$ cat model38.txt   # compact mmCIF, C-alpha atoms
# COMPACT_ATOMS: atom_id res chain seq x y z
CA MET A 20 -15.26 -12.40 -5.28
CA GLY A 21 -18.05 -14.94 -5.74
CA SER A 22 -19.42 -17.14 -8.50
CA THR A 23 -22.34 -15.26 -10.07
CA PRO A 24 -22.68 -11.52 -9.51
CA SER A 25 -26.48 -11.49 -9.96
CA HIS A 26 -26.80 -13.95 -7.12
CA GLU A 27 -24.22 -12.24 -4.93
CA THR A 28 -25.38 -8.62 -5.11
CA PRO A 29 -28.29 -8.75 -2.65
CA GLN A 30 -26.16 -10.70 -0.16
CA TRP A 31 -23.43 -8.11 -0.33
CA ARG A 32 -25.96 -5.41 0.36
CA THR A 33 -27.17 -7.29 3.45
CA ALA A 34 -23.59 -7.76 4.64
CA LEU A 35 -22.72 -4.08 4.13
CA ARG A 36 -25.89 -3.01 5.88
CA ALA A 37 -25.10 -5.26 8.83
CA ALA A 38 -21.46 -4.17 8.96
CA PHE A 39 -21.81 -0.42 8.53
CA PRO A 40 -23.24 0.50 11.99
CA HIS A 41 -20.31 -1.26 13.67
CA THR A 42 -17.84 0.82 11.65
CA ILE A 43 -19.26 4.25 12.53
CA PRO A 44 -16.80 4.85 15.40
CA VAL A 45 -13.99 3.92 13.00
CA LEU A 46 -15.46 6.16 10.29
CA THR A 47 -15.26 9.17 12.57
CA GLY A 48 -11.86 8.25 14.01
CA TYR A 49 -10.26 7.40 10.66
CA MET A 50 -11.67 10.49 8.98
CA PHE A 51 -10.24 12.67 11.73
CA LEU A 52 -6.86 10.94 11.80
CA GLY A 53 -6.75 10.49 8.02
CA ILE A 54 -7.32 14.20 7.51
CA ALA A 55 -4.64 14.95 10.12
CA TYR A 56 -2.26 12.66 8.22
CA GLY A 57 -3.02 14.27 4.85
CA VAL A 58 -2.54 17.75 6.34
CA LEU A 59 0.74 16.80 8.06
CA MET A 60 2.12 15.21 4.88
CA ASN A 61 1.12 18.31 2.93
CA ALA A 62 2.88 20.51 5.48
CA LYS A 63 6.10 18.52 4.81
CA GLY A 64 5.73 19.05 1.06
CA TYR A 65 4.12 15.72 0.19
CA GLY A 66 0.83 16.45 -1.58
CA PRO A 67 -2.35 14.35 -1.74
CA LEU A 68 -0.92 11.99 -4.38
CA TRP A 69 1.81 10.85 -1.99
CA SER A 70 -0.24 10.75 1.19
CA VAL A 71 -3.00 8.77 -0.56
CA LEU A 72 -0.47 6.37 -2.11
CA MET A 73 1.06 5.78 1.32
CA SER A 74 -2.36 5.21 2.91
CA ALA A 75 -3.57 2.94 0.11
CA ILE A 76 -0.44 0.78 -0.24
CA ALA A 77 1.13 0.79 3.22
CA PHE A 78 -2.15 1.21 5.18
CA GLY A 79 -0.11 1.38 8.37
CA GLY A 80 -1.88 3.90 10.62
CA SER A 81 0.59 4.95 13.29
CA MET A 82 3.59 3.82 11.22
CA GLN A 83 2.57 6.29 8.53
CA PHE A 84 2.92 9.10 11.05
CA VAL A 85 6.30 7.74 12.09
CA ALA A 86 7.28 7.55 8.42
CA ILE A 87 6.63 11.27 7.94
CA SER A 88 9.85 12.01 9.79
CA LEU A 89 11.67 9.41 7.66
CA LEU A 90 10.52 11.20 4.52
CA THR A 91 12.22 14.39 5.67
CA VAL A 92 15.72 12.97 6.22
CA ALA A 93 18.26 11.16 4.03
CA PHE A 94 16.80 8.32 1.92
CA ASP A 95 17.00 5.09 3.91
CA PRO A 96 14.42 2.43 2.92
CA VAL A 97 16.11 -0.31 4.98
CA GLN A 98 15.63 1.73 8.14
CA ALA A 99 12.01 2.37 7.11
CA PHE A 100 11.45 -1.38 6.65
CA LEU A 101 12.99 -2.33 10.00
CA LEU A 102 11.17 0.44 11.86
CA SER A 103 7.94 -0.61 10.18
CA CYS A 104 8.46 -4.19 11.38
CA MET A 105 9.06 -2.99 14.94
CA VAL A 106 6.29 -0.41 15.14
CA ASN A 107 3.84 -2.91 13.63
CA ALA A 108 5.05 -5.89 15.64
CA ARG A 109 1.77 -5.72 17.55
CA HIS A 110 0.09 -7.10 14.40
CA LEU A 111 1.66 -10.45 15.27
CA PHE A 112 -0.67 -10.45 18.27
CA TYR A 113 -3.66 -9.64 16.10
CA GLY A 114 -2.87 -12.39 13.60
CA LEU A 115 -2.60 -14.95 16.39
CA SER A 116 -5.97 -13.79 17.72
CA MET A 117 -7.65 -13.99 14.31
CA LEU A 118 -6.38 -17.45 13.25
CA GLU A 119 -9.67 -19.07 14.31
CA LYS A 120 -12.07 -16.42 13.01
CA TYR A 121 -10.48 -16.16 9.56
CA ARG A 122 -10.29 -19.93 9.13
CA GLY A 123 -11.88 -21.33 5.96
CA LEU A 124 -12.45 -18.00 4.24
CA GLY A 125 -10.38 -18.88 1.16
CA LYS A 126 -9.08 -16.08 -1.04
CA ALA A 127 -10.96 -13.48 1.01
CA ARG A 128 -8.21 -13.93 3.58
CA ILE A 129 -5.80 -12.03 1.34
CA PRO A 130 -7.53 -8.62 1.62
CA LEU A 131 -8.66 -9.41 5.17
CA ILE A 132 -5.08 -9.91 6.33
CA TYR A 133 -3.61 -7.15 4.12
CA ILE A 134 -5.79 -4.49 5.76
CA LEU A 135 -6.03 -5.88 9.31
CA SER A 136 -5.49 -2.60 11.18
CA ASP A 137 -5.78 -1.90 14.92
CA GLU A 138 -9.33 -0.64 14.59
CA THR A 139 -10.49 -3.33 12.16
CA PHE A 140 -8.99 -5.94 14.48
CA SER A 141 -10.81 -4.46 17.48
CA LEU A 142 -14.09 -4.73 15.52
CA VAL A 143 -13.76 -8.14 13.87
CA SER A 144 -12.47 -9.68 17.11
CA THR A 145 -15.53 -8.52 19.08
CA VAL A 146 -18.41 -8.46 16.55
CA GLU A 147 -20.18 -11.58 15.23
CA PRO A 148 -22.04 -11.61 11.89
CA PRO A 149 -25.86 -11.83 12.15
CA GLU A 150 -27.40 -15.20 11.21
CA ASN A 151 -28.61 -14.20 7.74
CA VAL A 152 -25.25 -12.71 6.73
CA ASP A 153 -22.33 -14.54 5.16
CA ARG A 154 -19.34 -14.53 7.50
CA ARG A 155 -16.84 -13.84 4.71
CA GLN A 156 -18.84 -10.93 3.31
CA PHE A 157 -19.41 -9.50 6.79
CA TYR A 158 -15.74 -9.40 7.74
CA LEU A 159 -14.80 -8.12 4.27
CA SER A 160 -17.40 -5.35 4.56
CA ILE A 161 -16.03 -4.17 7.89
CA SER A 162 -12.42 -4.36 6.69
CA LEU A 163 -13.02 -2.62 3.35
CA LEU A 164 -15.21 0.12 4.85
CA ASP A 165 -12.48 0.89 7.40
CA TYR A 166 -9.87 0.87 4.62
CA PHE A 167 -11.80 3.37 2.51
CA TYR A 168 -12.44 5.63 5.50
CA TRP A 169 -8.70 5.88 6.08
CA VAL A 170 -7.75 6.42 2.42
CA GLY A 171 -10.68 8.82 1.95
CA GLY A 172 -9.75 10.82 5.04
CA THR A 173 -6.16 11.03 3.81
CA ALA A 174 -7.28 12.36 0.42
CA LEU A 175 -9.51 14.93 2.10
CA GLY A 176 -6.67 16.08 4.36
CA GLY A 177 -4.22 16.18 1.47
CA PHE A 178 -6.47 18.46 -0.58
CA LEU A 179 -7.62 20.56 2.38
CA GLY A 180 -3.98 21.07 3.39
CA ASP A 181 -3.57 23.50 0.50
CA PHE A 182 -6.34 25.73 1.74
CA ILE A 183 -6.00 25.59 5.49
CA SER A 184 -2.90 26.07 7.54
CA PHE A 185 -2.82 25.89 11.30
CA ASP A 186 -0.37 25.12 14.05
CA THR A 187 -0.30 21.31 14.12
CA THR A 188 1.82 21.12 17.30
CA GLY A 189 0.26 18.50 19.53
CA LEU A 190 -1.93 17.03 16.78
CA ASP A 191 0.12 13.85 17.14
CA PHE A 192 -1.83 13.14 20.33
CA ALA A 193 -4.56 12.01 17.93
CA LEU A 194 -2.28 9.00 17.58
CA THR A 195 -2.12 8.21 21.29
CA ALA A 196 -5.78 8.80 22.13
CA PRO A 197 -7.21 5.93 20.01
CA PHE A 198 -5.07 3.43 21.88
CA VAL A 199 -6.21 4.82 25.22
CA VAL A 200 -9.80 4.36 24.03
CA LEU A 201 -9.12 0.83 22.75
CA PHE A 202 -7.44 0.02 26.04
CA LEU A 203 -10.53 1.21 27.93
CA GLU A 204 -12.71 -0.92 25.65
CA GLN A 205 -10.64 -3.99 26.52
CA TRP A 206 -10.67 -3.00 30.20
CA LYS A 207 -14.49 -3.19 30.22
CA LYS A 208 -14.21 -6.98 30.21
CA LYS A 209 -13.00 -8.14 33.61
CA GLU A 210 -11.13 -11.15 32.23
CA ASN A 211 -8.97 -8.80 30.12
CA ARG A 212 -7.80 -6.63 33.00
CA PRO A 213 -4.81 -8.70 34.18
CA ALA A 214 -3.50 -8.85 30.58
CA GLY A 215 -4.04 -5.10 30.14
CA ALA A 216 -2.13 -4.36 33.34
CA ILE A 217 0.65 -6.74 32.29
CA GLY A 218 0.87 -4.92 28.93
CA ILE A 219 1.37 -1.55 30.62
CA GLY A 220 3.67 -2.81 33.38
CA ALA A 221 5.95 -4.83 31.09
CA THR A 222 6.27 -1.97 28.58
CA VAL A 223 7.07 0.60 31.29
CA LEU A 224 9.70 -1.80 32.64
CA CYS A 225 11.26 -2.21 29.18
CA LEU A 226 11.15 1.54 28.62
CA LEU A 227 13.22 2.01 31.80
CA LEU A 228 15.59 -0.86 30.93
CA PHE A 229 16.09 -0.44 27.17
CA GLY A 230 15.17 3.18 26.47
CA ALA A 231 12.60 4.73 24.16
CA ASP A 232 14.13 3.52 20.88
CA ASN A 233 14.41 -0.19 21.63
CA LEU A 234 11.45 -1.06 23.79
CA VAL A 235 8.94 -2.81 21.48
CA ILE A 236 10.58 -6.20 20.90
CA PRO A 237 11.71 -6.73 24.54
CA ALA A 238 8.28 -5.60 25.78
CA MET A 239 6.55 -8.15 23.51
CA ALA A 240 8.86 -10.89 24.74
CA VAL A 241 8.26 -9.99 28.41
CA ILE A 242 4.47 -9.86 27.87
CA VAL A 243 4.40 -13.29 26.20
CA ALA A 244 6.65 -14.72 28.94
CA ILE A 245 4.43 -13.41 31.74
CA LEU A 246 1.23 -14.56 30.01
CA LEU A 247 2.69 -18.04 29.50
CA GLY A 248 4.13 -18.20 33.02
CA GLY A 249 0.86 -17.13 34.63
CA ARG A 250 -1.29 -19.30 32.40
CA LYS A 251 -2.92 -21.26 35.25
CA LYS A 252 -3.90 -18.08 37.08
CA LEU A 253 -5.00 -16.11 33.99
CA CYS A 254 -6.98 -18.91 32.34
CA THR A 255 -10.49 -18.45 33.67
CA MET B 27 9.28 17.22 -0.66
CA TYR B 28 12.72 16.11 0.49
CA LEU B 29 13.03 12.89 -1.52
CA THR B 30 12.67 12.29 -5.25
CA PRO B 31 9.40 10.67 -6.44
CA LEU B 32 11.16 7.34 -7.00
CA GLN B 33 12.73 7.45 -3.53
CA THR B 34 9.37 8.30 -2.01
CA LEU B 35 7.79 5.32 -3.78
CA ALA B 36 10.56 3.08 -2.44
CA MET B 37 9.90 4.38 1.08
CA ILE B 38 6.18 3.65 0.71
CA LEU B 39 6.96 0.09 -0.42
CA ALA B 40 9.45 -0.38 2.44
CA VAL B 41 6.86 0.71 5.01
CA ALA B 42 4.26 -1.53 3.33
CA LEU B 43 6.61 -4.52 3.30
CA GLY B 44 7.37 -4.22 7.01
CA THR B 45 3.68 -3.82 7.86
CA GLN B 46 2.61 -6.75 5.70
CA LEU B 47 5.28 -9.02 7.14
CA THR B 48 3.87 -8.50 10.63
CA ARG B 49 0.30 -9.01 9.41
CA TRP B 50 1.02 -12.26 7.51
CA LEU B 51 3.54 -14.00 9.74
CA PRO B 52 1.04 -15.63 12.18
CA PHE B 53 -1.09 -16.92 9.27
CA LEU B 54 2.00 -18.28 7.49
CA LEU B 55 3.29 -19.95 10.66
CA PHE B 56 -0.06 -21.59 11.40
CA PRO B 57 -1.61 -22.36 8.00
CA GLU B 58 -5.18 -23.59 7.64
CA GLY B 59 -5.66 -27.31 8.04
CA LYS B 60 -2.98 -27.42 10.68
CA ALA B 61 -4.23 -27.55 14.27
CA VAL B 62 -3.29 -24.41 16.18
CA PRO B 63 -1.47 -25.28 19.44
CA LYS B 64 -3.56 -24.59 22.56
CA THR B 65 -0.89 -22.22 23.85
CA VAL B 66 -1.27 -20.06 20.72
CA THR B 67 -5.06 -19.97 21.08
CA TYR B 68 -4.64 -18.95 24.71
CA LEU B 69 -2.21 -16.15 23.77
CA GLY B 70 -4.59 -15.07 21.01
CA LYS B 71 -7.28 -14.44 23.62
CA LEU B 72 -5.22 -12.37 26.05
CA LEU B 73 -2.81 -10.56 23.73
CA PRO B 74 -5.23 -7.88 22.43
CA ALA B 75 -5.64 -6.35 25.91
CA ALA B 76 -1.90 -6.54 26.59
CA ALA B 77 -1.15 -5.06 23.14
CA MET B 78 -3.27 -1.98 23.85
CA GLY B 79 -1.37 -1.43 27.11
CA LEU B 80 1.89 -1.73 25.20
CA LEU B 81 0.70 0.76 22.56
CA VAL B 82 -0.34 3.40 25.09
CA VAL B 83 3.09 3.29 26.76
CA TYR B 84 4.79 3.13 23.35
CA CYS B 85 3.10 6.36 22.24
CA LEU B 86 4.27 8.11 25.40
CA ARG B 87 7.82 6.74 25.29
CA ASN B 88 9.46 10.11 24.59
CA VAL B 89 7.68 12.00 27.36
CA SER B 90 10.13 13.19 30.01
CA LEU B 91 8.93 13.28 33.61
CA THR B 92 12.06 15.06 34.85
CA ALA B 93 12.15 17.93 32.35
CA ALA B 94 9.40 20.59 32.09
CA PRO B 95 6.47 20.27 31.55
CA HIS B 96 6.91 16.91 33.36
CA GLY B 97 4.37 15.03 31.28
CA ILE B 98 1.53 17.18 32.62
CA PRO B 99 -0.06 17.87 29.19
CA GLU B 100 -0.01 14.14 28.36
CA ALA B 101 -1.43 13.15 31.74
CA ALA B 102 -4.19 15.78 31.50
CA ALA B 103 -5.10 14.76 27.94
CA ILE B 104 -5.24 11.06 28.83
CA LEU B 105 -7.39 11.85 31.85
CA ALA B 106 -9.69 13.80 29.53
CA VAL B 107 -9.92 10.82 27.15
CA VAL B 108 -10.73 8.45 30.03
CA LEU B 109 -13.38 10.75 31.54
CA LEU B 110 -14.98 11.55 28.17
CA HIS B 111 -15.07 7.89 27.26
CA ARG B 112 -16.59 6.90 30.60
CA TRP B 113 -19.16 9.67 30.23
CA LYS B 114 -20.33 9.30 26.63
CA GLY B 115 -18.61 6.19 25.30
CA ASN B 116 -18.25 7.92 21.93
CA VAL B 117 -14.90 7.04 20.35
CA LEU B 118 -14.62 10.16 18.22
CA LEU B 119 -15.59 12.50 21.03
CA SER B 120 -13.00 10.89 23.33
CA ILE B 121 -10.22 11.14 20.73
CA ALA B 122 -11.11 14.63 19.51
CA GLY B 123 -11.62 16.00 23.03
CA GLY B 124 -8.32 14.63 24.35
CA THR B 125 -6.40 15.80 21.28
CA ALA B 126 -7.96 19.28 21.34
CA LEU B 127 -7.09 19.69 25.03
CA TYR B 128 -3.53 18.50 24.37
CA MET B 129 -3.08 20.93 21.49
CA VAL B 130 -4.30 23.83 23.62
CA LEU B 131 -2.00 22.80 26.47
CA VAL B 132 1.19 22.50 24.38
CA GLN B 133 0.44 25.53 22.18
CA ALA B 134 -0.91 28.01 24.69
CA VAL B 135 -0.32 26.91 28.28
CA PHE B 136 3.04 25.16 28.48
CA VAL B 137 4.69 27.36 25.87
CA GLY B 138 8.44 27.26 25.37
CA MET B 139 9.00 24.21 27.56
$ encode --input "model38.txt" --output "structure tokens"
Amino acid sequence: MGSTPSHETPQWRTALRAAFPHTIPVLTGYMFLGIAYGVLMNAKGYGPLWSVLMSAIAFGGSMQFVAISLLTVAFDPVQAFLLSCMVNARHLFYGLSMLEKYRGLGKARIPLIYILSDETFSLVSTVEPPENVDRRQFYLSISLLDYFYWVGGTALGGFLGDFISFDTTGLDFALTAPFVVLFLEQWKKKENRPAGAIGIGATVLCLLLFGADNLVIPAMAVIVAILLGGRKKLCT
Amino acid sequence: MYLTPLQTLAMILAVALGTQLTRWLPFLLFPEGKAVPKTVTYLGKLLPAAAMGLLVVYCLRNVSLTAAPHGIPEAAAILAVVLLHRWKGNVLLSIAGGTALYMVLVQAVFVGM
């Protein structure tokens, strides 16, 4: 990453130490969900090797759960790619929000952007590095810690899946709950509330108009249109 | 396993490609050194809250209000998440509590619906 390792090591330790406490909620959440993912994959006949590969390469959170069903029907990678684009379209929002914060970070931007998940985004967009900590190392520490929690949880679930078997019906709510929590976290800030309400209202509208299978893209378009149209009122 | 190892690998890469495209596109459209339009900065501030609203509805998109159990398990579980989170503010507790309640509801209470 840096120029001389001997000079960098203590700094990295400071950055990791500063970053770790912020990631504890993600550690618990990712472990829980990662294990659930590993167990579910195992239940469909895809052992730890495959679930870990998917988590490590695709690192797509909710899309990985969606992809489980795609792995149990006829081989169709084009559909998987298109669905992945649609399910993950929300990342476009995250990227736009992180343009400023990730400015001037050089090559570190490659891993930072590659593993910019929902939870990592929610952390790096709210937390500022302490004064004595390098910005690049701080954001990398948060991002990499989160990444390893998810991959580690997946491995654990994949291996545990051989020894434990239980009725997983309803476990998929573990996918919905994090977003409810993240929504509540955004809701805490008063200036975010109109946007949060617009997000829910526009998506419900598009669900009614376009149906469950085609709602993401129209909902994003409606949200952006309303935010732009109400700019004078929402800009406080 | 339903697919061959090679097919599974291709599926992993397809999922990764779609995900990465959505993660990189904003940074490719507005490269460093180029001033970001004010409108984009404004959207960047408000979109996270709107995106979470979108995601909550998206996760619930297949819930039917007209057919039994009329979305009651989902509503109860979400209420549990909200109350737990207001009470303790612990992310894991909120997620685990809501999910556990939901699993009990769909496995033991609203059976066969």
$ closest_residue --input "model38.txt" --among "B:Leu91, B:Ile98, B:Met78, B:Leu119" --to "chain A" --atoms "all atoms listed in the file"
B:Met78
$ residues_around --input "model38.txt" --residues "A:Ser70" --least-positions-apart "6" --cutoff "7 Å" --atoms "only C-alpha atoms" --output "list of chain:residue names"
A:Gly57, A:Met60, A:Thr173, A:Gly177
$ residues_around --input "model38.txt" --residues "B:Thr45" --least-positions-apart "2" --cutoff "8 Å" --atoms "only C-alpha atoms" --output "ChimeraX atom specification"
/A:77,79,103-104,107 /B:41-43,47-49
$ atom_distance --input "model38.txt" --atom1 "atom CA of B:Gly115" --atom2 "atom CA of A:Trp206"
13.1 Å
$ interface_residues --input "model38.txt" --of "chain B" --to "chain A" --cutoff "7 Å" --atoms "only C-alpha atoms" --output "PyMOL selection string"
chain B and resi 27-29+33+36-46+48-53+58+66+70-83+85+87-88+107+117-118+121+124-125+128-129+132-133
$ atom_distance --input "model38.txt" --atom1 "atom CA of A:Val152" --atom2 "atom CA of A:Ala34"
5.6 Å
$ residues_around --input "model38.txt" --residues "A:Asp165" --least-positions-apart "3" --cutoff "7 Å" --atoms "all atoms listed in the file" --output "PDB file with C-alpha atoms, in the frame of the given file"
ATOM      1  CA  THR A  42     -17.840   0.820  11.650  1.00  0.00           C
ATOM      2  CA  VAL A  45     -13.990   3.920  13.000  1.00  0.00           C
ATOM      3  CA  LEU A  46     -15.460   6.160  10.290  1.00  0.00           C
ATOM      4  CA  THR A 139     -10.490  -3.330  12.160  1.00  0.00           C
ATOM      5  CA  ILE A 161     -16.030  -4.170   7.890  1.00  0.00           C
ATOM      6  CA  SER A 162     -12.420  -4.360   6.690  1.00  0.00           C
ATOM      7  CA  TYR A 168     -12.440   5.630   5.500  1.00  0.00           C
ATOM      8  CA  TRP A 169      -8.700   5.880   6.080  1.00  0.00           C
TER       9      TRP A 169
END
